[in-house]
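Chemist: Sharing a structure with you now.
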Amino acid sequence: MTLPTLKYTADGLIPAIVQDAQSRRVLMMAWMNATSLQRTIETGLMHYWSRSRQKYWLKGETSGHTQKVTRWATDCDGDTLLFEVEQTGGACHTGYESCFFQTFTPAGEPLAVTEEKLFDPDKTYAPK
């Protein structure tokens with residue numbers, strides 16, 4: 001399989017926007033590099049590069065909240081990826097379906113968070 005030509009940052013990363021394949025809600029944005037993209041393609045499950053931990057991670061490796069790829073695309077410049085996934089559980093490590101649960105008015109005032117958490121992060125990520 002020949003991958004499209006992609007434009008990575010100077011540190012070898014490319015942003016990946018992830019959305020739910022059915023609702024089209026944006027779930028999260030994370031970073032990938034060539035290896036995490038290759039692992040994603042090979043397994044059909046989302047893999048990322050953690051800038052803070054400097055390591056690869058499989059989405060759901062701790063929580064069980066996996067992302068199965070149904071389709072993906074690049075933008076017209078080849079510098080951003082878009083993945084449509086079947087999300088199991090919540091995508092956000094804080095317990096929400098999406099990392100974009102906090103919304104704001106056009107003036108920048110935060111609106112009340114009205115959605116319920118899908119899971120308790122303290123229980124999900126508790127040391128085992």
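Residue names in the structure tokens use chain letters A, B, ... in the order shown, residue numbers from 1 in each chain, and ligand numbers from 1 in the order shown.
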Please provide as a list in words all residues within 9 Å of Ala30 (chain A), with the sequence filter that same-chain residues fewer than 6 positions apart are discarded (counting only C-alpha atoms).
Modeler: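 The residues that qualify are Ile14, Pro15, Ala16, Ile17, Val18, Tyr48, Trp49 and Ser50 of chain A.
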Chemist: If we count only C-alpha atoms, what is near region 102-113 of chain A at a cut-off of 12 Å, once residues fewer than 6 positions away on the same chain are taken out, given as a list in words?
Modeler: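 The contact residues come out as Cys92, Thr94 and Tyr96 of chain A.
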Chemist: Take the residues just selected and output them with N, CA, C and O atoms as a PDB file, in the first residue's frame.
Modeler:
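This is the output file part-v4.pdb:
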ATOM      1  N   CYS A  92     -12.536  11.081  25.722  1.00  0.00           N
ATOM      2  CA  CYS A  92     -11.780  12.004  26.571  1.00  0.00           C
ATOM      3  C   CYS A  92     -11.361  11.339  27.879  1.00  0.00           C
ATOM      4  O   CYS A  92     -12.180  10.671  28.532  1.00  0.00           O
ATOM      5  N   THR A  94     -11.082  12.618  30.596  1.00  0.00           N
ATOM      6  CA  THR A  94     -11.796  13.191  31.737  1.00  0.00           C
ATOM      7  C   THR A  94     -13.162  12.543  31.942  1.00  0.00           C
ATOM      8  O   THR A  94     -13.866  12.872  32.891  1.00  0.00           O
ATOM      9  N   TYR A  96     -15.669  12.322  29.410  1.00  0.00           N
ATOM     10  CA  TYR A  96     -16.679  12.748  28.442  1.00  0.00           C
ATOM     11  C   TYR A  96     -16.529  12.012  27.110  1.00  0.00           C
ATOM     12  O   TYR A  96     -15.474  11.458  26.805  1.00  0.00           O
TER      13      TYR A  96
END
Chemist: At a cut-off of 6 Å, using only C-alpha atoms, what residues contact region 56-71 of chain A? Leave out same-chain residues fewer than 6 positions from it and give the result as a PyMOL selection string.
Modeler: chain A and resi 44-49+84-89+124
Chemist: Identify, with DSSP run on backbone atoms, the residues in chain A assigned to alpha helix (DSSP H), and express the list as a tab-separated table (two decimals) with N, CA, C and O atoms, in the first residue's frame.
Modeler:
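This is the output file part_38.tsv:
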chain	number	residue	atom	x	y	z
A	34	ALA	N	4.95	8.82	11.61
A	34	ALA	CA	4.85	7.80	10.57
A	34	ALA	C	4.62	6.41	11.15
A	34	ALA	O	3.84	5.62	10.62
A	35	THR	N	5.27	6.12	12.28
A	35	THR	CA	5.12	4.80	12.89
A	35	THR	C	3.73	4.60	13.47
A	35	THR	O	3.12	3.54	13.30
A	36	SER	N	3.21	5.60	14.18
A	36	SER	CA	1.86	5.45	14.75
A	36	SER	C	0.81	5.36	13.64
A	36	SER	O	-0.17	4.63	13.77
A	37	LEU	N	1.02	6.07	12.54
A	37	LEU	CA	0.11	5.95	11.40
A	37	LEU	C	0.18	4.54	10.82
A	37	LEU	O	-0.85	3.92	10.54
A	38	GLN	N	1.37	4.01	10.68
A	38	GLN	CA	1.53	2.66	10.14
A	38	GLN	C	0.87	1.63	11.06
A	38	GLN	O	0.19	0.72	10.59
A	39	ARG	N	1.05	1.78	12.38
A	39	ARG	CA	0.42	0.86	13.34
A	39	ARG	C	-1.10	0.95	13.25
A	39	ARG	O	-1.80	-0.05	13.36
A	40	THR	N	-1.61	2.16	13.06
A	40	THR	CA	-3.06	2.36	12.92
A	40	THR	C	-3.56	1.64	11.68
A	40	THR	O	-4.58	0.92	11.74
A	41	ILE	N	-2.88	1.79	10.58
A	41	ILE	CA	-3.29	1.14	9.33
A	41	ILE	C	-3.22	-0.39	9.47
A	41	ILE	O	-4.13	-1.10	9.03
A	42	GLU	N	-2.16	-0.89	10.09
A	42	GLU	CA	-1.99	-2.34	10.23
A	42	GLU	C	-3.02	-2.98	11.14
A	42	GLU	O	-3.48	-4.09	10.88
A	43	THR	N	-3.40	-2.30	12.23
A	43	THR	CA	-4.30	-2.89	13.22
A	43	THR	C	-5.75	-2.48	13.07
A	43	THR	O	-6.64	-3.16	13.58
A	121	PRO	N	-13.22	8.80	35.47
A	121	PRO	CA	-11.80	8.64	35.18
A	121	PRO	C	-10.98	8.16	36.38
A	121	PRO	O	-9.98	7.47	36.20
A	122	ASP	N	-11.40	8.50	37.59
A	122	ASP	CA	-10.66	8.04	38.77
A	122	ASP	C	-10.70	6.52	38.90
A	122	ASP	O	-9.74	5.89	39.32
A	123	LYS	N	-11.82	5.92	38.53
A	123	LYS	CA	-11.94	4.46	38.58
A	123	LYS	C	-11.28	3.82	37.37
A	123	LYS	O	-10.63	2.79	37.48
A	124	THR	N	-11.46	4.44	36.21
A	124	THR	CA	-10.92	3.87	34.98
A	124	THR	C	-9.41	3.87	34.95
A	124	THR	O	-8.80	2.91	34.49
Chemist: Once DSSP has gone over the backbone, tell me which residues of chain A are in strand (DSSP E or B), as a VMD selection string.
Modeler: chain A and resid 14 to 20 26 to 32 45 47 to 50 55 to 58 67 to 74 81 to 87 104 110
Chemist: Can those selected residues be exported to a file as a short mmCIF file (atom, residue, chain, number, x, y, z; two decimals), in the first residue's frame so that it contains N, CA, C and O atoms?
Modeler:
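The resulting file, out.cif, is shown below:
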data_model
loop_
_atom_site.label_atom_id
_atom_site.label_comp_id
_atom_site.auth_asym_id
_atom_site.auth_seq_id
_atom_site.Cartn_x
_atom_site.Cartn_y
_atom_site.Cartn_z
N ILE A 14 2.29 14.87 12.93
CA ILE A 14 1.20 15.39 12.13
C ILE A 14 -0.07 15.35 13.00
O ILE A 14 -0.29 14.38 13.72
N PRO A 15 -0.88 16.42 12.99
CA PRO A 15 -2.10 16.40 13.80
C PRO A 15 -3.13 15.46 13.19
O PRO A 15 -3.27 15.37 11.96
N ALA A 16 -3.83 14.76 14.08
CA ALA A 16 -4.90 13.85 13.67
C ALA A 16 -6.18 14.24 14.39
O ALA A 16 -6.25 14.22 15.61
N ILE A 17 -7.17 14.62 13.61
CA ILE A 17 -8.49 14.95 14.13
C ILE A 17 -9.31 13.67 14.05
O ILE A 17 -9.31 12.99 13.02
N VAL A 18 -10.01 13.35 15.13
CA VAL A 18 -10.77 12.11 15.19
C VAL A 18 -12.24 12.44 15.44
O VAL A 18 -12.57 13.17 16.36
N GLN A 19 -13.11 11.87 14.58
CA GLN A 19 -14.53 12.11 14.75
C GLN A 19 -15.29 10.80 14.73
O GLN A 19 -14.84 9.80 14.16
N ASP A 20 -16.43 10.80 15.38
CA ASP A 20 -17.30 9.63 15.42
C ASP A 20 -17.88 9.40 14.03
O ASP A 20 -18.39 10.33 13.40
N VAL A 26 -16.70 15.72 16.55
CA VAL A 26 -15.26 15.66 16.74
C VAL A 26 -15.01 15.16 18.16
O VAL A 26 -15.51 15.74 19.13
N LEU A 27 -14.24 14.10 18.26
CA LEU A 27 -13.97 13.49 19.56
C LEU A 27 -12.68 13.99 20.19
O LEU A 27 -12.62 14.21 21.39
N MET A 28 -11.65 14.16 19.37
CA MET A 28 -10.36 14.55 19.92
C MET A 28 -9.41 14.95 18.81
O MET A 28 -9.68 14.73 17.64
N MET A 29 -8.30 15.51 19.22
CA MET A 29 -7.17 15.78 18.33
C MET A 29 -5.95 15.25 19.05
O MET A 29 -5.81 15.42 20.26
N ALA A 30 -5.11 14.55 18.33
CA ALA A 30 -3.88 14.02 18.91
C ALA A 30 -2.80 14.05 17.84
O ALA A 30 -3.06 14.38 16.68
N TRP A 31 -1.59 13.70 18.24
CA TRP A 31 -0.46 13.72 17.32
C TRP A 31 -0.10 12.31 16.89
O TRP A 31 -0.18 11.36 17.68
N MET A 32 0.32 12.19 15.65
CA MET A 32 0.80 10.92 15.11
C MET A 32 2.15 11.18 14.44
O MET A 32 2.46 12.31 14.09
N LEU A 45 -6.88 0.06 14.55
CA LEU A 45 -7.16 0.77 15.79
C LEU A 45 -6.22 1.97 15.89
O LEU A 45 -5.06 1.89 15.48
N HIS A 47 -3.60 4.56 16.95
CA HIS A 47 -2.34 4.66 17.70
C HIS A 47 -1.84 6.10 17.56
O HIS A 47 -1.98 6.70 16.49
N TYR A 48 -1.24 6.60 18.61
CA TYR A 48 -0.78 7.99 18.62
C TYR A 48 0.64 8.08 19.17
O TYR A 48 1.18 7.12 19.70
N TRP A 49 1.20 9.29 19.07
CA TRP A 49 2.47 9.61 19.70
C TRP A 49 2.19 10.62 20.80
O TRP A 49 1.59 11.67 20.56
N SER A 50 2.58 10.30 22.02
CA SER A 50 2.41 11.21 23.15
C SER A 50 3.62 12.12 23.24
O SER A 50 4.73 11.66 23.49
N LYS A 55 6.21 8.64 23.92
CA LYS A 55 6.01 7.22 23.61
C LYS A 55 4.74 7.03 22.80
O LYS A 55 3.87 7.89 22.77
N TYR A 56 4.67 5.87 22.16
CA TYR A 56 3.48 5.50 21.42
C TYR A 56 2.39 5.05 22.38
O TYR A 56 2.69 4.54 23.46
N TRP A 57 1.14 5.25 21.97
CA TRP A 57 0.04 4.71 22.77
C TRP A 57 -1.11 4.30 21.87
O TRP A 57 -1.39 4.92 20.85
N LEU A 58 -1.69 3.20 22.23
CA LEU A 58 -2.90 2.68 21.59
C LEU A 58 -4.08 3.26 22.34
O LEU A 58 -4.17 3.10 23.56
N GLN A 67 -10.76 2.99 19.55
CA GLN A 67 -11.24 3.67 18.36
C GLN A 67 -10.91 2.81 17.14
O GLN A 67 -9.75 2.66 16.79
N LYS A 68 -11.95 2.25 16.53
CA LYS A 68 -11.77 1.42 15.33
C LYS A 68 -11.96 2.30 14.10
O LYS A 68 -12.99 2.95 13.93
N VAL A 69 -10.97 2.33 13.26
CA VAL A 69 -10.99 3.20 12.07
C VAL A 69 -11.98 2.67 11.04
O VAL A 69 -11.97 1.49 10.71
N THR A 70 -12.83 3.57 10.55
CA THR A 70 -13.74 3.21 9.46
C THR A 70 -13.33 3.87 8.15
O THR A 70 -13.62 3.37 7.08
N ARG A 71 -12.64 5.01 8.27
CA ARG A 71 -12.20 5.75 7.09
C ARG A 71 -11.26 6.84 7.53
O ARG A 71 -11.33 7.31 8.67
N TRP A 72 -10.34 7.24 6.64
CA TRP A 72 -9.48 8.37 6.98
C TRP A 72 -9.15 9.15 5.73
O TRP A 72 -9.31 8.67 4.61
N ALA A 73 -8.70 10.38 5.96
CA ALA A 73 -8.41 11.30 4.86
C ALA A 73 -7.30 12.25 5.29
O ALA A 73 -6.98 12.36 6.47
N THR A 74 -6.74 12.93 4.30
CA THR A 74 -5.82 14.02 4.57
C THR A 74 -6.48 15.31 4.09
O THR A 74 -7.38 15.26 3.25
N LEU A 81 -4.48 15.05 9.36
CA LEU A 81 -5.22 13.82 9.10
C LEU A 81 -6.59 13.90 9.76
O LEU A 81 -6.75 14.54 10.80
N LEU A 82 -7.57 13.26 9.16
CA LEU A 82 -8.92 13.16 9.70
C LEU A 82 -9.30 11.69 9.72
O LEU A 82 -9.25 11.02 8.69
N PHE A 83 -9.65 11.20 10.90
CA PHE A 83 -10.06 9.80 11.05
C PHE A 83 -11.51 9.74 11.49
O PHE A 83 -11.91 10.46 12.41
N GLU A 84 -12.28 8.87 10.85
CA GLU A 84 -13.63 8.55 11.31
C GLU A 84 -13.51 7.20 12.00
O GLU A 84 -12.90 6.27 11.47
N VAL A 85 -14.06 7.13 13.22
CA VAL A 85 -13.89 5.93 14.03
C VAL A 85 -15.20 5.47 14.65
O VAL A 85 -16.14 6.26 14.79
N GLU A 86 -15.22 4.20 15.01
CA GLU A 86 -16.26 3.67 15.89
C GLU A 86 -15.66 3.72 17.29
O GLU A 86 -14.71 3.00 17.59
N GLN A 87 -16.17 4.62 18.10
CA GLN A 87 -15.64 4.86 19.44
C GLN A 87 -16.32 3.93 20.43
O GLN A 87 -17.53 3.86 20.49
N PHE A 104 -18.07 27.73 24.39
CA PHE A 104 -17.98 29.14 24.76
C PHE A 104 -18.89 29.99 23.89
O PHE A 104 -19.21 29.61 22.76
N PRO A 110 -17.42 30.97 29.02
CA PRO A 110 -17.72 29.54 29.04
C PRO A 110 -19.20 29.28 29.29
O PRO A 110 -19.82 29.95 30.12
#
Chemist: Under the rule that only C-alpha atoms are counted, which of A:Ser52, A:Thr114, A:Asn33, A:Thr80 is the nearest residue to Asp11 (chain A)?
Modeler: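 Distance minimum relative to Asp11 (chain A) lands on A:Asn33.
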Chemist: Can you work out the spacing between CA of Leu118 (chain A) and CA of Phe100 (chain A) in Å, to one decimal?
Modeler: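 Atom-to-atom, CA of Leu118 (chain A) to CA of Phe100 (chain A), that is 13.9 Å.
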